[in-house]
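Trainee: First the structure, then my questions, so here it is.
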Amino acid sequence: MTTVLDLAGLSVDLPLGGFLSRARLPILQDVTLSVARGESVALVGESGSGKTTLARAVMGLQPISAGAVRFDGQPVTGPADHARLRRDAAMMFQDATASLSPRLTVGYLVTEPFRIHRQPLPDPARTARDLLAAVGLPAAIAQRYPHELSGGQARRVGVARALALRPRLLIADEPTAGLDVSVQAEVLNLLSDLRRDMGLAYLIITHNLALVRHVADRIVVLYLGRVVEEGPTAQVFAAPAHPYTASLIAAEPKPDPRKRRADLAIRGEVPSVLNRPKGCEFHTRCPMARDICRQMAPALAPTAPDRLARCHFPNQPQHKEDHHAVEH
Ligand code: SF4
């Protein structure tokens, strides 16, 4: 399969203690992942896991401290490469209404990427109409301003704008956040249709596991800026190899509360990146932690074909989804 996005050993540090300080705070550490043409990859983890930093680093909005980004097989290093990437890969932001300028009409906003990237736009009205139609919105919406849109409409306008230059990759940051369940379903169906019709690849950043089940072929789990598990979505949900993934799945709202796994439910808060735990960085919250976990950091290693986990004791049988659920 042709790879559209390749990240190799990507790290991002932020300065700590002002401009004169040399201390750096590691936010993302040695992240390697790829997205193939037409593939949908979900990047999951709690707040503070580094998901949004990764998206910003890919788009060139956040400097990287180590590693490499390749887009369509070409290295992305300088400003010209990032300009090319931002033309061929679009970002869909979490707060759709806030990311749309309030003084511009929807028609102008959805065609604005042509102006930003100096691409020919012979018939703006028709292009706007076509883009709105592609996301299931009527042409009349082109005359409205962002504050006149519902949450679902604003999200669709965000998608239309992202599609303007026919990108090969769409990076979507929490595409369903803040939407009612019925509108979430609409947006998910729209993303699935666009993928089928346009062969778009997705990198979806989310903590919504229902969304991941619905749209992702593969899942990459981040904890404190490191990949802790990666694999095909159906396999990971059926039998997570890493206790953190098992805890996220156990915490998912279930229609039958008896199927919630209280024994696997995640404990405590994400530790601060200022104070990373020694050994396995998940040991302070891990229900399976043993002595070695507090002393030695595990490596990201294969646990099965196409699967990786960063754990000394992966694939514990109790991680699997089963019917011996514990009530609480
Ligand atoms: Fe838990 Fe130990 Fe695995 Fe870390 S290495 S996730 S503490 S079992």
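Within each chain, counting starts at residue 1; across the structure tokens, chains are named A, B, ... in the order shown, with ligands numbered 1 upward in that order.
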What's the 8 Å shell around range 167-182 of chain A, counting only C-alpha atoms, without same-chain residues fewer than 2 positions away, as JSON, numbers by chain?
Mentor: {"A": [4, 37, 52, 55, 87, 88, 89, 90, 91, 92, 93, 94, 95, 151, 152, 155, 162, 163, 164, 165, 184, 185, 186, 187, 188, 199, 200, 201, 202, 203, 204, 205, 206, 207, 208]}
Trainee: Restricting the output to N, CA and C atoms, write the selected residues as a compact mmCIF listing (two decimals), in the first residue's frame.
Mentor:
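Done, and the output landed in selection16.txt:
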# COMPACT_ATOMS: atom_id res chain seq x y z
N VAL A 4 0.86 7.65 2.55
CA VAL A 4 0.69 9.09 2.31
C VAL A 4 1.42 9.90 3.39
N ARG A 37 -2.59 5.42 1.77
CA ARG A 37 -3.62 6.05 0.93
C ARG A 37 -4.98 5.41 1.22
N THR A 52 -2.78 16.34 20.03
CA THR A 52 -2.92 17.57 19.25
C THR A 52 -1.54 18.13 18.88
N ALA A 55 -0.48 16.47 15.72
CA ALA A 55 -1.13 17.01 14.52
C ALA A 55 -0.50 18.35 14.14
N ARG A 87 -1.29 22.30 1.60
CA ARG A 87 -2.19 22.34 0.44
C ARG A 87 -2.79 20.95 0.19
N ASP A 88 -1.97 19.91 0.37
CA ASP A 88 -2.42 18.55 0.01
C ASP A 88 -2.94 17.75 1.20
N ALA A 89 -2.79 18.29 2.40
CA ALA A 89 -3.34 17.64 3.59
C ALA A 89 -4.10 18.73 4.34
N ALA A 90 -5.33 18.45 4.70
CA ALA A 90 -6.13 19.50 5.35
C ALA A 90 -6.33 19.15 6.81
N MET A 91 -6.50 20.19 7.61
CA MET A 91 -6.75 19.98 9.04
C MET A 91 -8.17 20.43 9.36
N MET A 92 -8.88 19.59 10.06
CA MET A 92 -10.23 19.95 10.49
C MET A 92 -10.16 20.17 12.00
N PHE A 93 -10.50 21.39 12.43
CA PHE A 93 -10.29 21.74 13.83
C PHE A 93 -11.46 21.33 14.70
N GLN A 94 -11.14 21.20 16.00
CA GLN A 94 -12.10 20.73 16.97
C GLN A 94 -13.29 21.67 17.12
N ASP A 95 -12.99 22.97 17.30
CA ASP A 95 -14.07 23.93 17.50
C ASP A 95 -14.39 24.55 16.15
N GLY A 151 -24.45 23.54 15.13
CA GLY A 151 -23.18 22.85 15.36
C GLY A 151 -22.85 21.88 14.23
N GLY A 152 -23.86 21.13 13.78
CA GLY A 152 -23.65 20.15 12.72
C GLY A 152 -23.31 20.83 11.40
N ARG A 155 -19.74 22.11 11.47
CA ARG A 155 -18.79 21.02 11.29
C ARG A 155 -18.71 20.64 9.81
N ALA A 162 -12.07 22.04 4.34
CA ALA A 162 -10.91 21.14 4.33
C ALA A 162 -10.78 20.41 2.99
N LEU A 163 -11.92 20.18 2.33
CA LEU A 163 -11.89 19.42 1.07
C LEU A 163 -11.58 20.29 -0.14
N ALA A 164 -11.57 21.62 0.05
CA ALA A 164 -11.53 22.55 -1.08
C ALA A 164 -10.44 22.20 -2.10
N LEU A 165 -9.25 21.90 -1.64
CA LEU A 165 -8.15 21.67 -2.57
C LEU A 165 -7.93 20.18 -2.84
N GLN A 184 -23.50 13.64 15.59
CA GLN A 184 -22.24 12.89 15.51
C GLN A 184 -22.34 11.80 14.45
N ALA A 185 -23.48 11.08 14.45
CA ALA A 185 -23.66 10.00 13.48
C ALA A 185 -23.63 10.56 12.06
N GLU A 186 -24.26 11.75 11.88
CA GLU A 186 -24.26 12.39 10.56
C GLU A 186 -22.83 12.66 10.09
N VAL A 187 -22.02 13.23 11.01
CA VAL A 187 -20.64 13.59 10.65
C VAL A 187 -19.83 12.32 10.34
N LEU A 188 -20.05 11.27 11.14
CA LEU A 188 -19.33 10.01 10.89
C LEU A 188 -19.68 9.43 9.53
N GLY A 199 -11.39 8.59 -1.86
CA GLY A 199 -10.15 7.87 -1.51
C GLY A 199 -9.30 8.62 -0.51
N LEU A 200 -9.95 9.45 0.33
CA LEU A 200 -9.22 10.24 1.33
C LEU A 200 -8.62 9.35 2.42
N ALA A 201 -7.44 9.72 2.91
CA ALA A 201 -6.89 9.06 4.10
C ALA A 201 -7.19 9.97 5.29
N TYR A 202 -7.39 9.36 6.45
CA TYR A 202 -7.68 10.15 7.66
C TYR A 202 -6.69 9.85 8.76
N LEU A 203 -6.31 10.91 9.47
CA LEU A 203 -5.66 10.74 10.78
C LEU A 203 -6.62 11.41 11.75
N ILE A 204 -7.30 10.60 12.54
CA ILE A 204 -8.35 11.13 13.42
C ILE A 204 -7.84 11.14 14.85
N ILE A 205 -7.89 12.32 15.44
CA ILE A 205 -7.38 12.49 16.80
C ILE A 205 -8.59 12.57 17.72
N THR A 206 -8.68 11.65 18.65
CA THR A 206 -9.91 11.63 19.44
C THR A 206 -9.74 10.87 20.74
N HIS A 207 -10.63 11.13 21.70
CA HIS A 207 -10.71 10.22 22.82
C HIS A 207 -12.07 9.49 22.80
N ASN A 208 -12.81 9.67 21.69
CA ASN A 208 -14.12 9.05 21.55
C ASN A 208 -13.97 7.67 20.89
Trainee: Find the residues of chain A that sit at most 10 Å from ligand 1; for each, write down the nearest two atoms and how far apart they are in Å, to one decimal. Count only C-alpha atoms and all ligand atoms. Sort by chain, then by number going up, and give it as CSV.
Mentor:
residue,atom,partner,partner_atom_place_in_ligand_line,distance
A:Val228,CA,ligand 1,6 (S),8.4
A:Ala241,CA,ligand 1,3 (Fe),9.1
A:His242,CA,ligand 1,6 (S),5.9
A:Pro243,CA,ligand 1,6 (S),5.3
A:Tyr244,CA,ligand 1,6 (S),6.5
A:Thr245,CA,ligand 1,6 (S),9.3
A:Gly279,CA,ligand 1,4 (Fe),7.9
A:Cys280,CA,ligand 1,4 (Fe),4.6
A:Glu281,CA,ligand 1,4 (Fe),6.7
A:Phe282,CA,ligand 1,4 (Fe),5.1
A:His283,CA,ligand 1,7 (S),3.6
A:Thr284,CA,ligand 1,7 (S),7.2
A:Arg285,CA,ligand 1,7 (S),7.6
A:Cys286,CA,ligand 1,1 (Fe),4.7
A:Pro287,CA,ligand 1,1 (Fe),6.7
A:Met288,CA,ligand 1,8 (S),4.6
A:Ala289,CA,ligand 1,7 (S),3.9
A:Arg290,CA,ligand 1,2 (Fe),5.9
A:Asp291,CA,ligand 1,2 (Fe),8.2
A:Ile292,CA,ligand 1,2 (Fe),7.2
A:Cys293,CA,ligand 1,2 (Fe),4.3
A:Arg294,CA,ligand 1,7 (S),7.0
A:Gln295,CA,ligand 1,5 (S),9.7
A:Met296,CA,ligand 1,5 (S),8.2
A:Ala297,CA,ligand 1,5 (S),7.1
A:Pro298,CA,ligand 1,5 (S),5.8
A:Ala299,CA,ligand 1,5 (S),9.0
A:Ala309,CA,ligand 1,3 (Fe),8.8
A:Arg310,CA,ligand 1,5 (S),6.9
A:Cys311,CA,ligand 1,3 (Fe),3.7
A:His312,CA,ligand 1,5 (S),4.3
A:Phe313,CA,ligand 1,8 (S),5.1
A:Pro314,CA,ligand 1,3 (Fe),6.3
A:Asn315,CA,ligand 1,3 (Fe),9.5
A:Gln316,CA,ligand 1,8 (S),8.8
Trainee: Which residues are close to Arg129 in chain A, i.e. within 10 Å by only C-alpha atoms, leaving aside same-chain residues fewer than 3 positions away? Reply as a compact mmCIF listing (two decimals) with all heavy atoms, in the first residue's frame.
Mentor:
# COMPACT_ATOMS: atom_id res chain seq x y z
N GLY A 107 -19.79 30.99 1.91
CA GLY A 107 -19.31 30.84 0.53
C GLY A 107 -17.86 31.25 0.40
O GLY A 107 -17.06 30.60 -0.28
N VAL A 110 -15.47 28.64 2.46
CA VAL A 110 -15.16 27.31 1.89
C VAL A 110 -14.22 27.42 0.68
O VAL A 110 -13.55 26.45 0.33
CB VAL A 110 -16.42 26.47 1.53
CG1 VAL A 110 -17.21 26.13 2.77
CG2 VAL A 110 -17.27 27.15 0.50
N THR A 111 -14.17 28.59 0.07
CA THR A 111 -13.27 28.75 -1.08
C THR A 111 -11.97 29.47 -0.70
O THR A 111 -11.08 29.64 -1.53
CB THR A 111 -13.96 29.54 -2.22
OG1 THR A 111 -14.49 30.75 -1.67
CG2 THR A 111 -15.07 28.73 -2.86
N PRO A 124 -15.94 31.25 -8.21
CA PRO A 124 -16.04 31.01 -6.77
C PRO A 124 -17.44 30.54 -6.33
O PRO A 124 -17.56 29.64 -5.49
CB PRO A 124 -15.71 32.36 -6.14
CG PRO A 124 -14.99 33.12 -7.19
CD PRO A 124 -15.46 32.61 -8.51
N ALA A 125 -18.49 31.13 -6.93
CA ALA A 125 -19.85 30.78 -6.50
C ALA A 125 -20.14 29.31 -6.80
O ALA A 125 -20.68 28.57 -5.96
CB ALA A 125 -20.87 31.67 -7.19
N ARG A 126 -19.75 28.88 -7.97
CA ARG A 126 -20.00 27.48 -8.34
C ARG A 126 -19.16 26.53 -7.49
O ARG A 126 -19.64 25.47 -7.06
CB ARG A 126 -19.68 27.31 -9.82
CG ARG A 126 -19.96 25.93 -10.24
CD ARG A 126 -19.89 25.76 -11.72
NE ARG A 126 -20.08 24.33 -11.96
CZ ARG A 126 -19.96 23.79 -13.12
NH1 ARG A 126 -19.67 24.52 -14.16
NH2 ARG A 126 -20.12 22.50 -13.25
N LEU A 132 -20.25 22.69 -0.91
CA LEU A 132 -21.34 22.54 0.07
C LEU A 132 -22.17 21.31 -0.25
O LEU A 132 -22.57 20.56 0.64
CB LEU A 132 -22.21 23.81 0.08
CG LEU A 132 -21.49 25.05 0.65
CD1 LEU A 132 -22.34 26.31 0.46
CD2 LEU A 132 -21.17 24.87 2.13
N ALA A 133 -22.40 21.07 -1.56
CA ALA A 133 -23.17 19.88 -1.96
C ALA A 133 -22.43 18.61 -1.54
O ALA A 133 -23.05 17.63 -1.09
CB ALA A 133 -23.41 19.89 -3.47
N ALA A 134 -21.09 18.62 -1.64
CA ALA A 134 -20.30 17.42 -1.29
C ALA A 134 -20.47 17.04 0.18
O ALA A 134 -20.32 15.88 0.54
CB ALA A 134 -18.83 17.65 -1.61
N LEU A 137 -24.85 20.09 2.20
CA LEU A 137 -25.47 21.37 2.61
C LEU A 137 -26.06 22.07 1.39
O LEU A 137 -25.48 22.03 0.30
CB LEU A 137 -24.42 22.29 3.26
CG LEU A 137 -23.94 21.89 4.66
CD1 LEU A 137 -22.79 22.78 5.10
CD2 LEU A 137 -25.08 21.95 5.68
N PRO A 138 -27.21 22.77 1.58
CA PRO A 138 -27.82 23.47 0.44
C PRO A 138 -27.00 24.69 0.04
O PRO A 138 -26.31 25.31 0.87
CB PRO A 138 -29.19 23.90 0.99
CG PRO A 138 -29.05 23.89 2.47
CD PRO A 138 -27.99 22.89 2.81
N ALA A 139 -27.11 25.06 -1.23
CA ALA A 139 -26.33 26.19 -1.77
C ALA A 139 -26.61 27.49 -1.02
O ALA A 139 -25.73 28.35 -0.89
CB ALA A 139 -26.63 26.35 -3.25
N ALA A 140 -27.86 27.65 -0.51
CA ALA A 140 -28.25 28.91 0.14
C ALA A 140 -27.39 29.21 1.37
O ALA A 140 -27.24 30.37 1.77
CB ALA A 140 -29.73 28.86 0.53
N ILE A 141 -26.80 28.19 1.95
CA ILE A 141 -25.98 28.39 3.16
C ILE A 141 -24.75 29.26 2.85
O ILE A 141 -24.17 29.88 3.74
CB ILE A 141 -25.61 27.01 3.75
CG1 ILE A 141 -26.82 26.51 4.52
CG2 ILE A 141 -24.35 27.06 4.61
CD1 ILE A 141 -26.56 25.64 5.69
N ALA A 142 -24.38 29.33 1.58
CA ALA A 142 -23.20 30.12 1.18
C ALA A 142 -23.35 31.59 1.61
O ALA A 142 -22.35 32.27 1.83
CB ALA A 142 -23.00 30.03 -0.32
Trainee: From the set A:Ala304, A:Leu222, A:Ile27, A:Ile64, which residue has the shortest atom-to-atom contact distance to Glu46 in chain A, counting only C-alpha atoms?
Mentor: A:Leu222
Trainee: Have a look at CA of Arg22 in chain A and CA of Gly225 in chain A and let me know their distance in Å, one decimal.
Mentor: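 Distance reported for this atom pair: 20.5 Å.
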Trainee: Neighbours of Gly9 in chain A within 7 Å (only C-alpha atoms; same-chain residues fewer than 4 positions away dropped), as a PDB file with N, CA and C atoms, in the first residue's frame?
Mentor:
ATOM      1  N   ASP A  30       9.624  10.095  20.246  1.00  0.00           N
ATOM      2  CA  ASP A  30       9.969   8.992  19.353  1.00  0.00           C
ATOM      3  C   ASP A  30       8.728   8.306  18.759  1.00  0.00           C
ATOM      4  N   VAL A  31       7.838   9.129  18.193  1.00  0.00           N
ATOM      5  CA  VAL A  31       6.593   8.566  17.646  1.00  0.00           C
ATOM      6  C   VAL A  31       6.809   8.178  16.179  1.00  0.00           C
ATOM      7  N   THR A  32       6.556   6.919  15.887  1.00  0.00           N
ATOM      8  CA  THR A  32       6.647   6.431  14.507  1.00  0.00           C
ATOM      9  C   THR A  32       5.268   5.921  14.122  1.00  0.00           C
ATOM     10  N   ALA A  66      13.210  16.243  16.972  1.00  0.00           N
ATOM     11  CA  ALA A  66      13.920  15.108  16.370  1.00  0.00           C
ATOM     12  C   ALA A  66      12.934  14.336  15.517  1.00  0.00           C
ATOM     13  N   GLY A  67      13.489  13.524  14.604  1.00  0.00           N
ATOM     14  CA  GLY A  67      12.647  12.673  13.773  1.00  0.00           C
ATOM     15  C   GLY A  67      12.382  13.293  12.414  1.00  0.00           C
ATOM     16  N   ALA A  68      11.549  12.605  11.639  1.00  0.00           N
ATOM     17  CA  ALA A  68      11.303  13.036  10.265  1.00  0.00           C
ATOM     18  C   ALA A  68       9.849  12.833   9.888  1.00  0.00           C
TER      19      ALA A  68
END
Trainee: Could you give me, as JSON, numbers by chain, the residues within 7 Å of Leu224 in chain A, counting only C-alpha atoms and dropping anything in the same chain fewer than 6 positions from it?
Mentor: {"A": [48, 49, 50, 273]}
Trainee: With N, CA, C and O atoms retained, could you export that selection as a PDB file, in the first residue's frame?
Mentor:
ATOM      1  N   GLY A  48      -3.540  15.561  27.295  1.00  0.00           N
ATOM      2  CA  GLY A  48      -2.163  15.561  27.782  1.00  0.00           C
ATOM      3  C   GLY A  48      -1.342  14.419  27.208  1.00  0.00           C
ATOM      4  O   GLY A  48      -0.174  14.266  27.542  1.00  0.00           O
ATOM      5  N   SER A  49      -1.946  13.623  26.287  1.00  0.00           N
ATOM      6  CA  SER A  49      -1.181  12.508  25.722  1.00  0.00           C
ATOM      7  C   SER A  49      -0.304  12.959  24.559  1.00  0.00           C
ATOM      8  O   SER A  49       0.542  12.202  24.100  1.00  0.00           O
ATOM      9  N   GLY A  50      -0.527  14.175  24.061  1.00  0.00           N
ATOM     10  CA  GLY A  50       0.310  14.689  22.964  1.00  0.00           C
ATOM     11  C   GLY A  50      -0.345  14.564  21.603  1.00  0.00           C
ATOM     12  O   GLY A  50       0.289  14.842  20.589  1.00  0.00           O
ATOM     13  N   VAL A 273       3.930  15.824  32.657  1.00  0.00           N
ATOM     14  CA  VAL A 273       5.146  15.538  31.887  1.00  0.00           C
ATOM     15  C   VAL A 273       6.376  16.108  32.596  1.00  0.00           C
ATOM     16  O   VAL A 273       7.506  15.771  32.280  1.00  0.00           O
TER      17      VAL A 273
END
Trainee: How many Å lie between CA of Val69 in chain A and CA of Lys51 in chain A, rounded to one decimal?
Mentor: 15.7 Å
Trainee: Could you pull out the residues in range 143-228 of chain A that DSSP calls strand (DSSP E) from the backbone, as JSON, numbers by chain?
Mentor: {"A": [169, 170, 171, 172, 173, 201, 202, 203, 204, 205, 206, 218, 219, 220, 221, 222, 223, 226, 227, 228]}
Trainee: Could you give me, as an NGL selection string, each residue of range 131-222 of chain A that DSSP assigns to helix (DSSP H, G or I) when run on this structure's backbone?
Mentor: :A and (131-134 or 139-143 or 146-148 or 151-163 or 181-198 or 209-215)
Trainee: Which is closest to Val220 in chain A among A:Pro26, A:Gly45, A:Pro122, A:Gly38, if we use only C-alpha atoms?
Mentor: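 Closest to Val220 in chain A of all the choices is A:Gly45.
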Trainee: So which one's closest to Gln119 in chain A, A:Leu61, A:Glu148, A:Arg166, A:Leu25? Using only C-alpha atoms, please.
Mentor: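 Among A:Leu61, A:Glu148, A:Arg166, A:Leu25, it is A:Arg166 that comes nearest to Gln119 in chain A.
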Trainee: For each of A:Val157, A:Leu300, A:Ala238, A:Ile116, take the minimum atom-to-atom distance to Val135 in chain A, counting only C-alpha atoms, then give the residue where this is smallest.
Mentor: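 Among the listed residues, A:Val157 lies closest to Val135 in chain A.
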Trainee: Quick one: everything within 8 Å of Pro146 in chain A, counting only C-alpha atoms, minus sequence neighbours fewer than 4 positions away in the same chain. Send it as a PDB file with N, CA, C and O atoms, in the first residue's frame.
Mentor:
ATOM      1  N   THR A  97     -16.874  26.238  14.812  1.00  0.00           N
ATOM      2  CA  THR A  97     -17.365  27.604  14.657  1.00  0.00           C
ATOM      3  C   THR A  97     -16.248  28.602  14.939  1.00  0.00           C
ATOM      4  O   THR A  97     -16.057  29.558  14.188  1.00  0.00           O
ATOM      5  N   LEU A 100     -13.807  29.374  12.162  1.00  0.00           N
ATOM      6  CA  LEU A 100     -14.298  30.080  10.983  1.00  0.00           C
ATOM      7  C   LEU A 100     -14.392  31.568  11.303  1.00  0.00           C
ATOM      8  O   LEU A 100     -15.002  31.949  12.300  1.00  0.00           O
ATOM      9  N   SER A 101     -13.803  32.396  10.473  1.00  0.00           N
ATOM     10  CA  SER A 101     -13.810  33.837  10.744  1.00  0.00           C
ATOM     11  C   SER A 101     -15.248  34.361  10.735  1.00  0.00           C
ATOM     12  O   SER A 101     -15.985  34.131   9.763  1.00  0.00           O
ATOM     13  N   PRO A 102     -15.680  35.073  11.798  1.00  0.00           N
ATOM     14  CA  PRO A 102     -17.104  35.443  11.915  1.00  0.00           C
ATOM     15  C   PRO A 102     -17.562  36.482  10.888  1.00  0.00           C
ATOM     16  O   PRO A 102     -18.750  36.637  10.651  1.00  0.00           O
ATOM     17  N   LEU A 104     -16.803  36.570   7.651  1.00  0.00           N
ATOM     18  CA  LEU A 104     -16.827  36.088   6.263  1.00  0.00           C
ATOM     19  C   LEU A 104     -18.008  35.155   6.053  1.00  0.00           C
ATOM     20  O   LEU A 104     -18.394  34.418   6.961  1.00  0.00           O
ATOM     21  N   THR A 105     -18.564  35.210   4.852  1.00  0.00           N
ATOM     22  CA  THR A 105     -19.698  34.308   4.573  1.00  0.00           C
ATOM     23  C   THR A 105     -19.172  32.884   4.379  1.00  0.00           C
ATOM     24  O   THR A 105     -17.989  32.672   4.087  1.00  0.00           O
ATOM     25  N   VAL A 106     -20.111  31.943   4.507  1.00  0.00           N
ATOM     26  CA  VAL A 106     -19.749  30.533   4.318  1.00  0.00           C
ATOM     27  C   VAL A 106     -19.182  30.315   2.913  1.00  0.00           C
ATOM     28  O   VAL A 106     -18.190  29.610   2.721  1.00  0.00           O
ATOM     29  N   ALA A 154     -21.910  23.810  11.058  1.00  0.00           N
ATOM     30  CA  ALA A 154     -20.555  24.395  11.154  1.00  0.00           C
ATOM     31  C   ALA A 154     -19.510  23.312  10.913  1.00  0.00           C
ATOM     32  O   ALA A 154     -18.501  23.529  10.239  1.00  0.00           O
TER      33      ALA A 154
END
Trainee: Excluding Thr77 in chain A and its own-chain neighbours fewer than 3 positions away, which residues fall within 12 Å of it when counting only C-alpha atoms? Please give them as a ChimeraX atom specification.
Mentor: /A:57-60,63-71,74,80-85
Trainee: Would you mind exporting all heavy atoms of the selected residues as a compact mmCIF listing (two decimals), in the first residue's frame?
Mentor:
# COMPACT_ATOMS: atom_id res chain seq x y z
N ALA A 57 2.51 19.37 14.81
CA ALA A 57 3.88 19.15 14.32
C ALA A 57 3.85 18.69 12.86
O ALA A 57 4.66 19.14 12.05
CB ALA A 57 4.59 18.13 15.20
N VAL A 58 2.90 17.81 12.53
CA VAL A 58 2.80 17.34 11.14
C VAL A 58 2.52 18.51 10.21
O VAL A 58 3.10 18.62 9.13
CB VAL A 58 1.69 16.26 11.02
CG1 VAL A 58 1.40 15.95 9.56
CG2 VAL A 58 2.10 15.00 11.76
N MET A 59 1.63 19.40 10.64
CA MET A 59 1.25 20.52 9.77
C MET A 59 2.28 21.65 9.77
O MET A 59 2.08 22.67 9.13
CB MET A 59 -0.12 21.08 10.21
CG MET A 59 -1.28 20.11 10.11
SD MET A 59 -1.49 19.38 8.47
CE MET A 59 -2.40 20.65 7.60
N GLY A 60 3.34 21.51 10.55
CA GLY A 60 4.37 22.55 10.57
C GLY A 60 4.01 23.70 11.48
O GLY A 60 4.62 24.77 11.40
N PRO A 63 7.35 23.29 15.93
CA PRO A 63 8.65 22.76 15.52
C PRO A 63 8.92 21.39 16.14
O PRO A 63 8.53 21.14 17.28
CB PRO A 63 9.65 23.79 16.07
CG PRO A 63 8.85 24.96 16.49
CD PRO A 63 7.43 24.52 16.70
N ILE A 64 9.60 20.53 15.38
CA ILE A 64 9.94 19.22 15.94
C ILE A 64 11.39 19.25 16.41
O ILE A 64 12.20 20.00 15.88
CB ILE A 64 9.70 18.07 14.93
CG1 ILE A 64 10.58 18.19 13.69
CG2 ILE A 64 8.26 18.02 14.51
CD1 ILE A 64 10.45 17.01 12.75
N SER A 65 11.70 18.46 17.44
CA SER A 65 13.07 18.47 17.95
C SER A 65 13.87 17.28 17.43
O SER A 65 15.10 17.31 17.46
CB SER A 65 13.09 18.51 19.47
OG SER A 65 12.03 17.79 19.99
N ALA A 66 13.21 16.24 16.97
CA ALA A 66 13.92 15.11 16.37
C ALA A 66 12.93 14.34 15.52
O ALA A 66 11.71 14.47 15.67
CB ALA A 66 14.48 14.19 17.46
N GLY A 67 13.49 13.52 14.60
CA GLY A 67 12.65 12.67 13.77
C GLY A 67 12.38 13.29 12.41
O GLY A 67 12.92 14.34 12.08
N ALA A 68 11.55 12.61 11.64
CA ALA A 68 11.30 13.04 10.27
C ALA A 68 9.85 12.83 9.89
O ALA A 68 9.19 11.91 10.36
CB ALA A 68 12.18 12.23 9.32
N VAL A 69 9.36 13.76 9.02
CA VAL A 69 8.00 13.66 8.47
C VAL A 69 8.16 13.49 6.96
O VAL A 69 8.92 14.24 6.33
CB VAL A 69 7.20 14.95 8.75
CG1 VAL A 69 5.80 14.87 8.13
CG2 VAL A 69 7.10 15.24 10.25
N ARG A 70 7.46 12.52 6.38
CA ARG A 70 7.42 12.39 4.93
C ARG A 70 5.96 12.42 4.50
O ARG A 70 5.11 11.80 5.16
CB ARG A 70 8.05 11.06 4.47
CG ARG A 70 9.53 11.00 4.67
CD ARG A 70 10.07 9.63 4.30
NE ARG A 70 10.29 9.48 2.87
CZ ARG A 70 11.39 9.89 2.24
NH1 ARG A 70 12.37 10.44 2.93
NH2 ARG A 70 11.51 9.74 0.94
N PHE A 71 5.70 13.16 3.43
CA PHE A 71 4.34 13.22 2.91
C PHE A 71 4.40 12.81 1.44
O PHE A 71 5.20 13.37 0.69
CB PHE A 71 3.77 14.64 3.05
CG PHE A 71 2.35 14.74 2.59
CD1 PHE A 71 1.33 14.18 3.35
CD2 PHE A 71 2.02 15.36 1.40
CE1 PHE A 71 0.02 14.24 2.92
CE2 PHE A 71 0.71 15.43 0.97
CZ PHE A 71 -0.30 14.87 1.74
N GLN A 74 7.83 12.24 0.07
CA GLN A 74 8.83 13.32 0.04
C GLN A 74 9.09 13.82 1.46
O GLN A 74 8.13 14.01 2.23
CB GLN A 74 8.30 14.52 -0.77
CG GLN A 74 7.93 14.20 -2.19
CD GLN A 74 9.15 13.79 -3.00
OE1 GLN A 74 10.21 14.39 -2.89
NE2 GLN A 74 9.02 12.70 -3.75
N ALA A 80 8.78 25.59 2.49
CA ALA A 80 8.14 25.29 1.20
C ALA A 80 7.48 23.91 1.26
O ALA A 80 6.38 23.71 0.72
CB ALA A 80 9.17 25.33 0.07
N ASP A 81 8.13 22.96 1.94
CA ASP A 81 7.55 21.62 2.06
C ASP A 81 6.27 21.68 2.91
O ASP A 81 5.29 20.99 2.63
CB ASP A 81 8.52 20.65 2.75
CG ASP A 81 9.82 20.51 1.98
OD1 ASP A 81 9.77 20.53 0.75
OD2 ASP A 81 10.87 20.39 2.64
N HIS A 82 6.31 22.50 3.97
CA HIS A 82 5.11 22.60 4.81
C HIS A 82 3.96 23.27 4.06
O HIS A 82 2.80 22.90 4.23
CB HIS A 82 5.43 23.36 6.11
CG HIS A 82 6.02 22.45 7.15
ND1 HIS A 82 7.28 22.62 7.65
CD2 HIS A 82 5.53 21.34 7.73
CE1 HIS A 82 7.54 21.65 8.52
NE2 HIS A 82 6.49 20.86 8.58
N ALA A 83 4.29 24.24 3.21
CA ALA A 83 3.24 24.88 2.41
C ALA A 83 2.61 23.84 1.49
O ALA A 83 1.39 23.78 1.34
CB ALA A 83 3.83 26.04 1.61
N ARG A 84 3.43 22.98 0.88
CA ARG A 84 2.91 21.92 -0.01
C ARG A 84 2.03 20.95 0.80
O ARG A 84 0.94 20.58 0.39
CB ARG A 84 4.09 21.18 -0.63
CG ARG A 84 3.71 19.99 -1.51
CD ARG A 84 4.95 19.37 -2.14
NE ARG A 84 5.86 18.79 -1.16
CZ ARG A 84 5.77 17.55 -0.68
NH1 ARG A 84 4.82 16.76 -1.09
NH2 ARG A 84 6.64 17.10 0.21
N LEU A 85 2.52 20.60 1.99
CA LEU A 85 1.76 19.66 2.82
C LEU A 85 0.41 20.26 3.22
O LEU A 85 -0.61 19.59 3.19
CB LEU A 85 2.58 19.30 4.06
CG LEU A 85 2.00 18.19 4.93
CD1 LEU A 85 3.12 17.33 5.49
CD2 LEU A 85 1.17 18.72 6.07
